[in-house]
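Structure file run-v2.cif; described as mmCIF, N, CA and C atoms.
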```
data_entry
loop_
_atom_site.label_atom_id
_atom_site.label_comp_id
_atom_site.auth_asym_id
_atom_site.auth_seq_id
_atom_site.Cartn_x
_atom_site.Cartn_y
_atom_site.Cartn_z
N MET A 1 -73.86 -34.15 19.00
CA MET A 1 -73.34 -33.06 19.79
C MET A 1 -72.07 -33.51 20.50
N ILE A 2 -71.01 -32.78 20.29
CA ILE A 2 -69.72 -33.11 20.90
C ILE A 2 -69.67 -32.47 22.28
N LEU A 3 -69.36 -33.29 23.28
CA LEU A 3 -69.25 -32.81 24.65
C LEU A 3 -67.83 -32.33 24.91
N GLU A 4 -67.72 -31.30 25.71
CA GLU A 4 -66.42 -30.76 26.11
C GLU A 4 -66.08 -31.25 27.51
N VAL A 5 -64.83 -31.61 27.73
CA VAL A 5 -64.39 -32.14 29.02
C VAL A 5 -64.57 -31.09 30.12
N LYS A 6 -64.32 -29.84 29.81
CA LYS A 6 -64.47 -28.80 30.84
C LYS A 6 -65.91 -28.68 31.32
N ASP A 7 -66.86 -28.94 30.43
CA ASP A 7 -68.27 -28.92 30.83
C ASP A 7 -68.63 -30.15 31.65
N ILE A 8 -68.10 -31.30 31.26
CA ILE A 8 -68.39 -32.55 31.96
C ILE A 8 -67.87 -32.50 33.39
N ARG A 9 -66.75 -31.86 33.59
CA ARG A 9 -66.16 -31.78 34.93
C ARG A 9 -67.05 -31.02 35.91
N ASN A 10 -67.93 -30.18 35.42
CA ASN A 10 -68.83 -29.42 36.29
C ASN A 10 -70.04 -30.22 36.72
N TRP A 11 -70.28 -31.36 36.08
CA TRP A 11 -71.44 -32.20 36.41
C TRP A 11 -71.14 -33.07 37.62
N ASP A 12 -72.19 -33.52 38.32
CA ASP A 12 -71.99 -34.46 39.42
C ASP A 12 -71.95 -35.89 38.86
N LYS A 13 -71.61 -36.84 39.71
CA LYS A 13 -71.40 -38.22 39.27
C LYS A 13 -72.65 -38.84 38.65
N GLU A 14 -73.80 -38.57 39.24
CA GLU A 14 -75.05 -39.15 38.73
C GLU A 14 -75.38 -38.63 37.33
N THR A 15 -75.15 -37.37 37.11
CA THR A 15 -75.40 -36.78 35.80
C THR A 15 -74.49 -37.41 34.75
N ILE A 16 -73.24 -37.63 35.12
CA ILE A 16 -72.29 -38.25 34.19
C ILE A 16 -72.72 -39.68 33.88
N LYS A 17 -73.12 -40.43 34.91
CA LYS A 17 -73.56 -41.81 34.69
C LYS A 17 -74.79 -41.85 33.78
N ASN A 18 -75.71 -40.93 33.99
CA ASN A 18 -76.90 -40.86 33.14
C ASN A 18 -76.54 -40.53 31.70
N LYS A 19 -75.60 -39.62 31.54
CA LYS A 19 -75.18 -39.21 30.20
C LYS A 19 -74.50 -40.38 29.48
N ILE A 20 -73.68 -41.16 30.22
CA ILE A 20 -73.03 -42.33 29.62
C ILE A 20 -74.09 -43.31 29.16
N SER A 21 -75.07 -43.56 29.98
CA SER A 21 -76.14 -44.48 29.63
C SER A 21 -76.90 -43.99 28.39
N ASP A 22 -77.22 -42.72 28.35
CA ASP A 22 -77.93 -42.15 27.20
C ASP A 22 -77.10 -42.27 25.92
N GLN A 23 -75.81 -41.97 26.04
CA GLN A 23 -74.93 -42.03 24.87
C GLN A 23 -74.78 -43.47 24.36
N LYS A 24 -74.69 -44.43 25.27
CA LYS A 24 -74.59 -45.83 24.87
C LYS A 24 -75.86 -46.30 24.17
N ASN A 25 -77.01 -45.90 24.69
CA ASN A 25 -78.28 -46.26 24.06
C ASN A 25 -78.39 -45.65 22.66
N GLU A 26 -78.00 -44.41 22.54
CA GLU A 26 -78.06 -43.74 21.24
C GLU A 26 -77.07 -44.36 20.25
N LEU A 27 -75.89 -44.73 20.74
CA LEU A 27 -74.90 -45.39 19.89
C LEU A 27 -75.44 -46.72 19.37
N PHE A 28 -76.09 -47.47 20.25
CA PHE A 28 -76.67 -48.75 19.84
C PHE A 28 -77.73 -48.52 18.76
N ARG A 29 -78.58 -47.53 18.98
CA ARG A 29 -79.63 -47.22 18.02
C ARG A 29 -79.06 -46.82 16.65
N ILE A 30 -78.01 -46.00 16.67
CA ILE A 30 -77.37 -45.55 15.44
C ILE A 30 -76.72 -46.73 14.71
N LYS A 31 -76.07 -47.62 15.45
CA LYS A 31 -75.44 -48.78 14.83
C LYS A 31 -76.47 -49.69 14.18
N MET A 32 -77.59 -49.90 14.86
CA MET A 32 -78.64 -50.75 14.30
C MET A 32 -79.23 -50.11 13.04
N GLN A 33 -79.39 -48.81 13.09
CA GLN A 33 -79.92 -48.11 11.93
C GLN A 33 -78.94 -48.18 10.76
N ARG A 34 -77.64 -48.11 11.05
CA ARG A 34 -76.63 -48.17 10.00
C ARG A 34 -76.72 -49.49 9.24
N PHE A 35 -76.91 -50.58 9.97
CA PHE A 35 -76.95 -51.88 9.32
C PHE A 35 -78.28 -52.16 8.63
N SER A 36 -79.34 -51.54 9.09
CA SER A 36 -80.65 -51.83 8.49
C SER A 36 -80.96 -50.92 7.30
N THR A 37 -80.91 -49.62 7.51
CA THR A 37 -81.30 -48.70 6.44
C THR A 37 -80.20 -47.74 6.01
N GLY A 38 -79.16 -47.65 6.78
CA GLY A 38 -78.10 -46.68 6.50
C GLY A 38 -78.36 -45.39 7.27
N ILE A 39 -77.30 -44.67 7.53
CA ILE A 39 -77.44 -43.42 8.27
C ILE A 39 -76.89 -42.27 7.44
N GLU A 40 -77.42 -41.10 7.71
CA GLU A 40 -77.06 -39.91 6.95
C GLU A 40 -75.67 -39.40 7.35
N LYS A 41 -75.34 -39.51 8.63
CA LYS A 41 -74.08 -38.98 9.13
C LYS A 41 -73.28 -40.11 9.80
N PRO A 42 -72.47 -40.83 9.04
CA PRO A 42 -71.74 -41.96 9.62
C PRO A 42 -70.70 -41.55 10.67
N HIS A 43 -70.26 -40.30 10.64
CA HIS A 43 -69.27 -39.85 11.63
C HIS A 43 -69.87 -39.73 13.03
N SER A 44 -71.20 -39.77 13.13
CA SER A 44 -71.84 -39.64 14.43
C SER A 44 -71.48 -40.80 15.37
N ILE A 45 -71.16 -41.96 14.80
CA ILE A 45 -70.74 -43.10 15.63
C ILE A 45 -69.46 -42.75 16.38
N LYS A 46 -68.53 -42.13 15.67
CA LYS A 46 -67.26 -41.73 16.29
C LYS A 46 -67.49 -40.68 17.38
N VAL A 47 -68.42 -39.77 17.16
CA VAL A 47 -68.74 -38.72 18.13
C VAL A 47 -69.30 -39.34 19.41
N PHE A 48 -70.23 -40.30 19.27
CA PHE A 48 -70.81 -40.94 20.45
C PHE A 48 -69.75 -41.71 21.23
N LYS A 49 -68.88 -42.43 20.53
CA LYS A 49 -67.81 -43.17 21.21
C LYS A 49 -66.88 -42.22 21.96
N SER A 50 -66.57 -41.11 21.34
CA SER A 50 -65.70 -40.11 21.96
C SER A 50 -66.35 -39.50 23.20
N ASN A 51 -67.64 -39.20 23.11
CA ASN A 51 -68.36 -38.64 24.25
C ASN A 51 -68.39 -39.63 25.42
N ILE A 52 -68.61 -40.91 25.12
CA ILE A 52 -68.62 -41.93 26.16
C ILE A 52 -67.26 -42.00 26.84
N ALA A 53 -66.20 -41.99 26.04
CA ALA A 53 -64.85 -42.06 26.59
C ALA A 53 -64.54 -40.84 27.48
N LYS A 54 -64.94 -39.67 27.04
CA LYS A 54 -64.71 -38.45 27.83
C LYS A 54 -65.44 -38.53 29.17
N CYS A 55 -66.69 -38.96 29.13
CA CYS A 55 -67.48 -39.07 30.36
C CYS A 55 -66.87 -40.09 31.32
N CYS A 56 -66.44 -41.24 30.78
CA CYS A 56 -65.83 -42.27 31.62
C CYS A 56 -64.53 -41.78 32.24
N THR A 57 -63.75 -41.02 31.48
CA THR A 57 -62.50 -40.48 32.00
C THR A 57 -62.74 -39.53 33.17
N VAL A 58 -63.69 -38.63 33.00
CA VAL A 58 -63.99 -37.66 34.06
C VAL A 58 -64.58 -38.38 35.28
N LEU A 59 -65.41 -39.39 35.05
CA LEU A 59 -65.99 -40.15 36.15
C LEU A 59 -64.88 -40.85 36.95
N ASN A 60 -63.90 -41.42 36.26
CA ASN A 60 -62.78 -42.06 36.94
C ASN A 60 -61.95 -41.04 37.71
N GLU A 61 -61.80 -39.85 37.18
CA GLU A 61 -61.07 -38.80 37.89
C GLU A 61 -61.79 -38.44 39.20
N LYS A 62 -63.10 -38.40 39.16
CA LYS A 62 -63.88 -38.05 40.35
C LYS A 62 -63.83 -39.17 41.39
N ARG A 63 -63.72 -40.41 40.96
CA ARG A 63 -63.64 -41.53 41.89
C ARG A 63 -62.32 -41.54 42.66
N GLU A 64 -61.26 -41.06 42.03
CA GLU A 64 -59.96 -41.04 42.67
C GLU A 64 -59.88 -39.98 43.77
N LYS A 65 -60.72 -38.97 43.69
CA LYS A 65 -60.67 -37.89 44.69
C LYS A 65 -61.31 -38.29 45.99
#
```

Could you take the file, read its structure, and then write that structure out as C-alpha coordinates?
Amino acid sequence: MILEVKDIRNWDKETIKNKISDQKNELFRIKMQRFSTGIEKPHSIKVFKSNIAKCCTVLNEKREK
(Lines of atoms letter the chains of each structure in order from A and count residues from 1; the text may use other names and numbers.)
(Lines give C-alpha, C1' and ligand atoms only; values in the text may rest on other atoms or scores of the structure.)
Protein backbone atom coordinates (compact mmCIF):
# COMPACT_ATOMS: atom_id res chain seq x y z
CA MET A 1 0.00 0.00 0.00
CA ILE A 2 1.45 3.32 -1.08
CA LEU A 3 1.11 6.08 1.51
CA GLU A 4 0.31 9.63 0.48
CA VAL A 5 2.18 12.53 2.08
CA LYS A 6 -1.02 14.55 2.52
CA ASP A 7 -2.47 11.72 4.61
CA ILE A 8 0.71 11.30 6.67
CA ARG A 9 0.71 15.00 7.55
CA ASN A 10 -2.63 14.55 9.34
CA TRP A 11 -1.18 11.93 11.70
CA ASP A 12 0.44 12.75 15.05
CA LYS A 13 4.10 12.03 15.77
CA GLU A 14 3.49 8.76 17.60
CA THR A 15 1.40 7.35 14.78
CA ILE A 16 4.13 8.22 12.28
CA LYS A 17 6.80 6.59 14.45
CA ASN A 18 4.69 3.46 14.77
CA LYS A 19 4.10 3.36 11.02
CA ILE A 20 7.86 3.71 10.36
CA SER A 21 8.54 0.82 12.71
CA ASP A 22 5.86 -1.34 11.06
CA GLN A 23 7.15 -0.55 7.59
CA LYS A 24 10.74 -1.37 8.56
CA ASN A 25 9.68 -4.70 10.06
CA GLU A 26 7.68 -5.58 6.97
CA LEU A 27 10.57 -4.55 4.70
CA PHE A 28 12.90 -6.84 6.65
CA ARG A 29 10.43 -9.70 6.36
CA ILE A 30 10.02 -9.17 2.61
CA LYS A 31 13.80 -9.04 2.07
CA MET A 32 14.31 -12.27 4.00
CA GLN A 33 11.55 -13.94 2.03
CA ARG A 34 13.10 -12.74 -1.25
CA PHE A 35 16.39 -14.43 -0.47
CA SER A 36 14.88 -17.65 0.88
CA THR A 37 11.91 -18.51 -1.33
CA GLY A 38 11.39 -15.56 -3.64
CA ILE A 39 8.56 -13.06 -3.62
CA GLU A 40 5.63 -12.60 -5.92
CA LYS A 41 5.84 -8.80 -6.12
CA PRO A 42 9.48 -7.63 -6.10
CA HIS A 43 8.43 -3.98 -6.51
CA SER A 44 6.98 -4.07 -2.99
CA ILE A 45 10.50 -3.50 -1.60
CA LYS A 46 10.63 -0.16 -3.38
CA VAL A 47 7.16 0.75 -2.06
CA PHE A 48 8.16 0.04 1.55
CA LYS A 49 11.37 2.08 1.21
CA SER A 50 9.40 4.96 -0.29
CA ASN A 51 6.81 4.84 2.50
CA ILE A 52 9.55 4.90 5.14
CA ALA A 53 11.18 7.90 3.47
CA LYS A 54 7.88 9.79 3.26
CA CYS A 55 7.12 9.15 6.93
CA CYS A 56 10.62 10.23 7.99
CA THR A 57 10.33 13.41 5.93
CA VAL A 58 7.01 14.39 7.50
CA LEU A 59 8.30 13.52 10.98
CA ASN A 60 11.30 15.81 10.44
CA GLU A 61 8.97 18.58 9.25
CA LYS A 62 6.96 18.26 12.47
CA ARG A 63 10.11 18.41 14.62
CA GLU A 64 11.12 21.73 13.08
CA LYS A 65 7.81 23.34 14.07

As an exercise, work out the distance from CA of Leu59 (chain A) to atom N of Arg34 (chain A) in Å and give it to one decimal place.
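If I compute the distance from CA of Leu59 (chain A) to atom N of Arg34 (chain A), I get 28.8 Å.
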
As a PyMOL selection string, please: the residues near region 10-17 of chain A (cut-off 7 Å, all atoms listed in the file, same-chain neighbours under 5 positions excluded).
chain A and resi 5+22+55+59

What does the distance between atom C of Lys54 (chain A) and CA of Phe35 (chain A) come to in Å, to one decimal place?
26.5 Å

Phe48 (chain A) proximity check over A:Gln33, A:Glu26, A:Glu64, A:Ser21, using only N, CA and C atoms: winner is A:Glu26

What does the PyMOL selection byres ((chain A and resi 51) around 8) select in this file, as a short mmCIF file (atom, residue, chain, number, x, y, z; two decimals) with N, CA and C atoms, in the coordinates of the input?
```cif
data_model
loop_
_atom_site.label_atom_id
_atom_site.label_comp_id
_atom_site.auth_asym_id
_atom_site.auth_seq_id
_atom_site.Cartn_x
_atom_site.Cartn_y
_atom_site.Cartn_z
N MET A 1 -73.86 -34.15 19.00
CA MET A 1 -73.34 -33.06 19.79
C MET A 1 -72.07 -33.51 20.50
N ILE A 2 -71.01 -32.78 20.29
CA ILE A 2 -69.72 -33.11 20.90
C ILE A 2 -69.67 -32.47 22.28
N LEU A 3 -69.36 -33.29 23.28
CA LEU A 3 -69.25 -32.81 24.65
C LEU A 3 -67.83 -32.33 24.91
N GLU A 4 -67.72 -31.30 25.71
CA GLU A 4 -66.42 -30.76 26.11
C GLU A 4 -66.08 -31.25 27.51
N LYS A 19 -75.60 -39.62 31.54
CA LYS A 19 -75.18 -39.21 30.20
C LYS A 19 -74.50 -40.38 29.48
N ILE A 20 -73.68 -41.16 30.22
CA ILE A 20 -73.03 -42.33 29.62
C ILE A 20 -74.09 -43.31 29.16
N GLN A 23 -75.81 -41.97 26.04
CA GLN A 23 -74.93 -42.03 24.87
C GLN A 23 -74.78 -43.47 24.36
N LYS A 24 -74.69 -44.43 25.27
CA LYS A 24 -74.59 -45.83 24.87
C LYS A 24 -75.86 -46.30 24.17
N ILE A 45 -71.16 -41.96 14.80
CA ILE A 45 -70.74 -43.10 15.63
C ILE A 45 -69.46 -42.75 16.38
N LYS A 46 -68.53 -42.13 15.67
CA LYS A 46 -67.26 -41.73 16.29
C LYS A 46 -67.49 -40.68 17.38
N VAL A 47 -68.42 -39.77 17.16
CA VAL A 47 -68.74 -38.72 18.13
C VAL A 47 -69.30 -39.34 19.41
N PHE A 48 -70.23 -40.30 19.27
CA PHE A 48 -70.81 -40.94 20.45
C PHE A 48 -69.75 -41.71 21.23
N LYS A 49 -68.88 -42.43 20.53
CA LYS A 49 -67.81 -43.17 21.21
C LYS A 49 -66.88 -42.22 21.96
N SER A 50 -66.57 -41.11 21.34
CA SER A 50 -65.70 -40.11 21.96
C SER A 50 -66.35 -39.50 23.20
N ILE A 52 -68.61 -40.91 25.12
CA ILE A 52 -68.62 -41.93 26.16
C ILE A 52 -67.26 -42.00 26.84
N ALA A 53 -66.20 -41.99 26.04
CA ALA A 53 -64.85 -42.06 26.59
C ALA A 53 -64.54 -40.84 27.48
N LYS A 54 -64.94 -39.67 27.04
CA LYS A 54 -64.71 -38.45 27.83
C LYS A 54 -65.44 -38.53 29.17
N CYS A 55 -66.69 -38.96 29.13
CA CYS A 55 -67.48 -39.07 30.36
C CYS A 55 -66.87 -40.09 31.32
N CYS A 56 -66.44 -41.24 30.78
CA CYS A 56 -65.83 -42.27 31.62
C CYS A 56 -64.53 -41.78 32.24
N THR A 57 -63.75 -41.02 31.48
CA THR A 57 -62.50 -40.48 32.00
C THR A 57 -62.74 -39.53 33.17
#
```

Could you jot down the atom C of Leu27 (chain A) to atom C of Ser44 (chain A) separation for me, Å, one decimal place?
8.2 Å

Determine which residues of region 21-56 of chain A DSSP labels as alpha helix (DSSP H) from the backbone of this structure, then write them out as a PyMOL selection string.
chain A and resi 21-36+44-56

Region 1-8 of chain A, all listed atoms, 5 Å padding on each side: what axis-aligned box centre and edge lengths in Å to one decimal come out, as lines of an AutoDock Vina configuration file?
```
center_x = -69.1
center_y = -31.4
center_z = 26.2
size_x = 19.5
size_y = 15.5
size_z = 24.4
```
